[in-house]
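Heads up, work.pdb below (PDB, C-alpha atoms, pLDDT in the B column):
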ATOM      1  CA  MET A1204     -31.815 -45.935 -12.707  1.00 49.00           C
ATOM      2  CA  ASP A1205     -31.117 -42.512 -14.000  1.00 51.00           C
ATOM      3  CA  SER A1206     -29.673 -40.833 -10.900  1.00 53.00           C
ATOM      4  CA  GLU A1207     -27.840 -37.867 -12.258  1.00 59.00           C
ATOM      5  CA  GLN A1208     -26.402 -35.715  -9.532  1.00 58.00           C
ATOM      6  CA  PRO A1209     -25.881 -32.007 -10.073  1.00 56.00           C
ATOM      7  CA  ALA A1210     -22.350 -30.867 -10.627  1.00 53.00           C
ATOM      8  CA  PRO A1211     -20.740 -29.387  -7.517  1.00 53.00           C
ATOM      9  CA  PRO A1212     -20.912 -25.613  -7.455  1.00 51.00           C
ATOM     10  CA  CYS A1213     -17.743 -23.981  -8.627  1.00 48.00           C
ATOM     11  CA  LYS A1214     -16.405 -20.662  -7.513  1.00 52.00           C
ATOM     12  CA  ALA A1215     -16.924 -18.075 -10.211  1.00 47.00           C
ATOM     13  CA  ARG A1216     -13.967 -15.990 -11.271  1.00 53.00           C
ATOM     14  CA  HIS A1217     -14.818 -12.506 -12.379  1.00 53.00           C
ATOM     15  CA  ARG A1218     -12.160 -10.768 -14.346  1.00 57.00           C
ATOM     16  CA  ALA A1219     -11.898  -8.481 -17.308  1.00 65.00           C
ATOM     17  CA  HIS A1220     -11.248 -10.255 -20.552  1.00 62.00           C
ATOM     18  CA  ASN A1221      -9.152  -8.720 -23.270  1.00 64.00           C
ATOM     19  CA  ARG A1222     -10.704  -9.080 -26.698  1.00 71.00           C
ATOM     20  CA  PRO A1223      -8.986 -10.040 -28.808  1.00 74.00           C
ATOM     21  CA  GLY A1224      -6.869 -12.117 -26.452  1.00 74.00           C
ATOM     22  CA  ARG A1225      -3.232 -11.375 -25.845  1.00 75.00           C
ATOM     23  CA  PRO A1226      -1.242 -12.912 -28.687  1.00 84.00           C
ATOM     24  CA  HIS A1227       2.049 -13.602 -26.869  1.00 86.00           C
ATOM     25  CA  ALA A1228       3.056 -16.168 -24.270  1.00 85.00           C
ATOM     26  CA  VAL A1229       6.242 -16.503 -22.223  1.00 87.00           C
ATOM     27  CA  LEU A1230       7.387 -19.801 -20.760  1.00 87.00           C
ATOM     28  CA  LEU A1231       8.905 -19.628 -17.283  1.00 87.00           C
ATOM     29  CA  ARG A1232      10.957 -22.413 -15.745  1.00 91.00           C
ATOM     30  CA  LEU A1233      10.925 -22.250 -11.953  1.00 90.00           C
ATOM     31  CA  SER A1234      12.359 -24.216  -9.077  1.00 91.00           C
ATOM     32  CA  ASP A1235       9.958 -25.677  -6.523  1.00 92.00           C
ATOM     33  CA  GLU A1236      10.768 -22.806  -4.138  1.00 91.00           C
ATOM     34  CA  GLU A1237      10.226 -20.130  -6.804  1.00 89.00           C
ATOM     35  CA  LYS A1238       6.913 -21.714  -7.858  1.00 91.00           C
ATOM     36  CA  ALA A1239       5.765 -21.872  -4.236  1.00 92.00           C
ATOM     37  CA  ALA A1240       6.689 -18.207  -3.731  1.00 89.00           C
ATOM     38  CA  ILE A1241       4.746 -17.150  -6.831  1.00 89.00           C
ATOM     39  CA  ASP A1242       1.756 -19.285  -5.818  1.00 90.00           C
ATOM     40  CA  ALA A1243       1.698 -17.709  -2.341  1.00 89.00           C
ATOM     41  CA  ALA A1244       2.042 -14.175  -3.721  1.00 87.00           C
ATOM     42  CA  ALA A1245      -0.689 -14.847  -6.287  1.00 86.00           C
ATOM     43  CA  VAL A1246      -3.085 -16.032  -3.587  1.00 88.00           C
ATOM     44  CA  ALA A1247      -2.319 -12.921  -1.517  1.00 86.00           C
ATOM     45  CA  ALA A1248      -2.945 -10.711  -4.569  1.00 84.00           C
ATOM     46  CA  GLN A1249      -6.089 -12.704  -5.452  1.00 86.00           C
ATOM     47  CA  LEU A1250      -4.702 -13.621  -8.864  1.00 87.00           C
ATOM     48  CA  THR A1251      -3.822 -16.811 -10.632  1.00 89.00           C
ATOM     49  CA  ALA A1252      -0.139 -17.703 -10.626  1.00 88.00           C
ATOM     50  CA  THR A1253       0.001 -16.940 -14.351  1.00 88.00           C
ATOM     51  CA  GLY A1254      -1.770 -13.610 -13.898  1.00 86.00           C
ATOM     52  CA  TYR A1255       0.497 -12.675 -11.008  1.00 87.00           C
ATOM     53  CA  ALA A1256       3.649 -13.598 -12.951  1.00 88.00           C
ATOM     54  CA  ALA A1257       2.442 -11.592 -15.957  1.00 87.00           C
ATOM     55  CA  LYS A1258       1.594  -8.513 -13.886  1.00 86.00           C
ATOM     56  CA  ALA A1259       4.884  -8.747 -11.976  1.00 85.00           C
ATOM     57  CA  ALA A1260       6.895  -9.061 -15.181  1.00 84.00           C
ATOM     58  CA  VAL A1261       5.145  -6.120 -16.860  1.00 83.00           C
ATOM     59  CA  ALA A1262       5.435  -4.017 -13.683  1.00 80.00           C
ATOM     60  CA  ALA A1263       9.145  -4.798 -13.354  1.00 78.00           C
ATOM     61  CA  ALA A1264       9.731  -4.064 -17.021  1.00 79.00           C
ATOM     62  CA  SER A1265       8.001  -0.707 -16.717  1.00 77.00           C
ATOM     63  CA  ALA A1266       9.730   0.075 -13.387  1.00 63.00           C
ATOM     64  CA  ALA A1267       6.437  -0.023 -11.487  1.00 53.00           C
ATOM     65  CA  GLN A1268       5.466  -2.007  -8.414  1.00 52.00           C
ATOM     66  CA  ALA A1269       4.866  -5.742  -8.483  1.00 49.00           C
ATOM     67  CA  PRO A1270       1.169  -6.597  -8.071  1.00 52.00           C
ATOM     68  CA  GLY A1271       0.041  -6.850  -4.468  1.00 51.00           C
ATOM     69  CA  GLY A1272       3.528  -5.690  -3.836  1.00 54.00           C
ATOM     70  CA  THR A1273       5.824  -3.717  -1.715  1.00 59.00           C
ATOM     71  CA  ALA A1274       4.580  -0.149  -2.038  1.00 60.00           C
ATOM     72  CA  GLY A1275       3.939  -0.043   1.707  1.00 64.00           C
ATOM     73  CA  ASP A1276       7.406  -1.396   2.444  1.00 71.00           C
ATOM     74  CA  LEU A1277       9.008   1.177   0.167  1.00 76.00           C
ATOM     75  CA  ARG A1278       6.886   3.929   1.712  1.00 76.00           C
ATOM     76  CA  ASP A1279       8.114   2.887   5.171  1.00 79.00           C
ATOM     77  CA  LEU A1280      11.708   2.984   3.975  1.00 80.00           C
ATOM     78  CA  GLN A1281      11.103   6.383   2.401  1.00 80.00           C
ATOM     79  CA  HIS A1282       9.742   7.745   5.698  1.00 82.00           C
ATOM     80  CA  GLU A1283      12.791   6.366   7.507  1.00 81.00           C
ATOM     81  CA  LEU A1284      15.106   8.077   5.020  1.00 83.00           C
ATOM     82  CA  PHE A1285      13.246  11.372   5.380  1.00 84.00           C
ATOM     83  CA  ALA A1286      13.472  11.168   9.179  1.00 83.00           C
ATOM     84  CA  ALA A1287      17.191  10.383   9.022  1.00 81.00           C
ATOM     85  CA  ARG A1288      17.739  13.255   6.583  1.00 81.00           C
ATOM     86  CA  ARG A1289      15.958  15.640   8.972  1.00 84.00           C
ATOM     87  CA  ALA A1290      18.214  14.457  11.808  1.00 80.00           C
ATOM     88  CA  VAL A1291      21.344  15.060   9.721  1.00 82.00           C
ATOM     89  CA  VAL A1292      20.151  18.562   8.743  1.00 84.00           C
ATOM     90  CA  MET A1293      19.450  19.340  12.394  1.00 83.00           C
ATOM     91  CA  PHE A1294      22.928  18.088  13.292  1.00 84.00           C
ATOM     92  CA  GLY A1295      24.412  20.431  10.698  1.00 84.00           C
ATOM     93  CA  ASN A1296      22.590  23.336  12.345  1.00 88.00           C
ATOM     94  CA  ASN A1297      23.873  22.223  15.760  1.00 87.00           C
ATOM     95  CA  VAL A1298      27.450  22.089  14.453  1.00 87.00           C
ATOM     96  CA  ASN A1299      27.109  25.663  13.165  1.00 89.00           C
ATOM     97  CA  GLN A1300      25.751  26.832  16.529  1.00 90.00           C
ATOM     98  CA  ALA A1301      28.490  24.975  18.431  1.00 89.00           C
ATOM     99  CA  ALA A1302      31.172  26.489  16.189  1.00 90.00           C
ATOM    100  CA  ALA A1303      29.760  29.983  16.726  1.00 92.00           C
ATOM    101  CA  ALA A1304      29.715  29.434  20.505  1.00 91.00           C
ATOM    102  CA  PHE A1305      33.263  28.054  20.455  1.00 91.00           C
ATOM    103  CA  ASN A1306      34.507  31.035  18.440  1.00 93.00           C
ATOM    104  CA  THR A1307      32.864  33.381  20.936  1.00 94.00           C
ATOM    105  CA  THR A1308      33.730  31.694  24.248  1.00 93.00           C
ATOM    106  CA  GLY A1309      36.538  29.281  23.412  1.00 92.00           C
ATOM    107  CA  GLN A1310      34.446  26.389  24.819  1.00 92.00           C
ATOM    108  CA  LEU A1311      31.998  23.954  23.303  1.00 90.00           C
ATOM    109  CA  PRO A1312      28.430  24.225  24.614  1.00 91.00           C
ATOM    110  CA  GLU A1313      27.274  21.581  27.115  1.00 90.00           C
ATOM    111  CA  TRP A1314      24.808  20.181  24.594  1.00 90.00           C
ATOM    112  CA  ALA A1315      27.497  19.450  21.965  1.00 89.00           C
ATOM    113  CA  ALA A1316      28.026  15.902  23.267  1.00 88.00           C
ATOM    114  CA  ASP A1317      24.282  15.215  22.982  1.00 88.00           C
ATOM    115  CA  ALA A1318      24.299  16.563  19.433  1.00 85.00           C
ATOM    116  CA  VAL A1319      27.134  14.197  18.499  1.00 85.00           C
ATOM    117  CA  ARG A1320      25.240  11.269  20.061  1.00 86.00           C
ATOM    118  CA  LEU A1321      22.111  12.158  18.092  1.00 82.00           C
ATOM    119  CA  CYS A1322      24.156  12.314  14.909  1.00 83.00           C
ATOM    120  CA  GLU A1323      25.593   8.866  15.600  1.00 86.00           C
ATOM    121  CA  GLU A1324      22.036   7.553  16.101  1.00 85.00           C
ATOM    122  CA  ALA A1325      20.919   9.128  12.823  1.00 83.00           C
ATOM    123  CA  VAL A1326      23.813   7.517  10.963  1.00 85.00           C
ATOM    124  CA  ALA A1327      22.996   4.144  12.563  1.00 87.00           C
ATOM    125  CA  ARG A1328      19.373   4.606  11.455  1.00 84.00           C
ATOM    126  CA  LEU A1329      20.523   5.355   7.913  1.00 86.00           C
ATOM    127  CA  ASP A1330      22.731   2.258   7.968  1.00 87.00           C
ATOM    128  CA  GLU A1331      19.718   0.140   9.002  1.00 86.00           C
ATOM    129  CA  VAL A1332      17.528   1.562   6.228  1.00 84.00           C
ATOM    130  CA  ILE A1333      20.273   0.969   3.678  1.00 84.00           C
ATOM    131  CA  SER A1334      20.597  -2.631   4.900  1.00 86.00           C
ATOM    132  CA  ARG A1335      16.839  -3.142   4.552  1.00 82.00           C
ATOM    133  CA  ILE A1336      16.922  -1.765   1.009  1.00 81.00           C
ATOM    134  CA  ASP A1337      19.898  -3.985   0.191  1.00 80.00           C
ATOM    135  CA  ARG A1338      18.040  -7.068   1.464  1.00 81.00           C
ATOM    136  CA  LYS A1339      15.001  -6.220  -0.664  1.00 77.00           C
ATOM    137  CA  LEU A1340      17.148  -5.826  -3.778  1.00 74.00           C
ATOM    138  CA  ARG A1341      18.801  -9.233  -3.428  1.00 72.00           C
TER     139      ARG A1341
END
Show me this structure written as structure tokens.
Amino acid sequence: MDSEQPAPPCKARHRAHNRPGRPHAVLLRLSDEEKAAIDAAAVAAQLTATGYAAKAAVAAASAAQAPGGTAGDLRDLQHELFAARRAVVMFGNNVNQAAAAFNTTGQLPEWAADAVRLCEEAVARLDEVISRIDRKLR
């Protein structure tokens, strides 16, 4: 009558242990939505919710990236800003060339209207990047 069944296999967690253990704890109170967001981010980062919250808090406090975080997003925004900056610098060069041509001939070059259009596009691109940054900071 002794029908002991083996315990179901459990998934092993391999992580580095700090010895001695960390002596401090912080209690967080979260809404259902905040808890769900942390749980989802923790799964994506392959961490426990507690581990994710700890890493995110330490990273934020030390002005680093949140774990599993947004480095790629920030890198994309950085590339957009660099591209927009290049466009503005090129526009400045075009303005100097147009002014030199105007001083020489009394007329703006044919390409001046295109240069203005490109500048407007660069400013619109900058506005979009700034909006994306603003949304991330909220």
I need the residue set behind the PyMOL selection byres ((chain A and resi 1289-1298) around 10) for this file; please write it as a list of chain:residue names.
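Residues picked by the PyMOL selection byres ((chain A and resi 1289-1298) around 10): A:Glu1283, A:Leu1284, A:Phe1285, A:Ala1286, A:Ala1287, A:Arg1288, A:Asn1299, A:Gln1300, A:Ala1301, A:Ala1302, A:Ala1303, A:Ala1304, A:Trp1314, A:Ala1315, A:Ala1318, A:Val1319, A:Arg1320, A:Leu1321, A:Cys1322, A:Glu1323, A:Glu1324, A:Ala1325, A:Val1326, A:Arg1328, A:Leu1329.
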Output the selection as a short mmCIF file (atom, residue, chain, number, x, y, z; two decimals), in the coordinates of the input - C-alpha atoms for each residue.
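This is the output file result.cif:
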data_model
loop_
_atom_site.label_atom_id
_atom_site.label_comp_id
_atom_site.auth_asym_id
_atom_site.auth_seq_id
_atom_site.Cartn_x
_atom_site.Cartn_y
_atom_site.Cartn_z
CA GLU A 1283 12.79 6.37 7.51
CA LEU A 1284 15.11 8.08 5.02
CA PHE A 1285 13.25 11.37 5.38
CA ALA A 1286 13.47 11.17 9.18
CA ALA A 1287 17.19 10.38 9.02
CA ARG A 1288 17.74 13.26 6.58
CA ASN A 1299 27.11 25.66 13.16
CA GLN A 1300 25.75 26.83 16.53
CA ALA A 1301 28.49 24.98 18.43
CA ALA A 1302 31.17 26.49 16.19
CA ALA A 1303 29.76 29.98 16.73
CA ALA A 1304 29.72 29.43 20.50
CA TRP A 1314 24.81 20.18 24.59
CA ALA A 1315 27.50 19.45 21.96
CA ALA A 1318 24.30 16.56 19.43
CA VAL A 1319 27.13 14.20 18.50
CA ARG A 1320 25.24 11.27 20.06
CA LEU A 1321 22.11 12.16 18.09
CA CYS A 1322 24.16 12.31 14.91
CA GLU A 1323 25.59 8.87 15.60
CA GLU A 1324 22.04 7.55 16.10
CA ALA A 1325 20.92 9.13 12.82
CA VAL A 1326 23.81 7.52 10.96
CA ARG A 1328 19.37 4.61 11.46
CA LEU A 1329 20.52 5.36 7.91
#
List the residues selected by the PyMOL selection byres ((chain A and resi 1339) around 12) in the file shown, writing them as a PDB file with C-alpha atoms, in the frame of the given file.
ATOM      1  CA  GLY A1272       3.528  -5.690  -3.836  1.00 54.00           C
ATOM      2  CA  THR A1273       5.824  -3.717  -1.715  1.00 59.00           C
ATOM      3  CA  ASP A1276       7.406  -1.396   2.444  1.00 71.00           C
ATOM      4  CA  LEU A1277       9.008   1.177   0.167  1.00 76.00           C
ATOM      5  CA  LEU A1280      11.708   2.984   3.975  1.00 80.00           C
ATOM      6  CA  VAL A1332      17.528   1.562   6.228  1.00 84.00           C
ATOM      7  CA  ILE A1333      20.273   0.969   3.678  1.00 84.00           C
ATOM      8  CA  SER A1334      20.597  -2.631   4.900  1.00 86.00           C
ATOM      9  CA  ARG A1335      16.839  -3.142   4.552  1.00 82.00           C
ATOM     10  CA  ILE A1336      16.922  -1.765   1.009  1.00 81.00           C
ATOM     11  CA  ASP A1337      19.898  -3.985   0.191  1.00 80.00           C
ATOM     12  CA  ARG A1338      18.040  -7.068   1.464  1.00 81.00           C
ATOM     13  CA  LEU A1340      17.148  -5.826  -3.778  1.00 74.00           C
ATOM     14  CA  ARG A1341      18.801  -9.233  -3.428  1.00 72.00           C
TER      15      ARG A1341
END
Please list as a ChimeraX atom specification every residue within 9 Å of stretch 1230-1243 of chain A, counting all atoms listed in the file and excluding residues in the same chain fewer than 2 positions away.
/A:1228,1245-1248,1251-1253,1255-1256
Quote the spacing between atom CA of A:Ala1257 and atom CA of A:Asp1279 in Å to one decimal place.
26.2 Å
What does the distance from atom CA of A:Asp1317 to atom CA of A:His1282 come to in Å, to one decimal?
23.8 Å
Atomic distance atom CA of A:Ala1263 - atom CA of A:Ala1244, expressed in Å with one decimal
15.2 Å
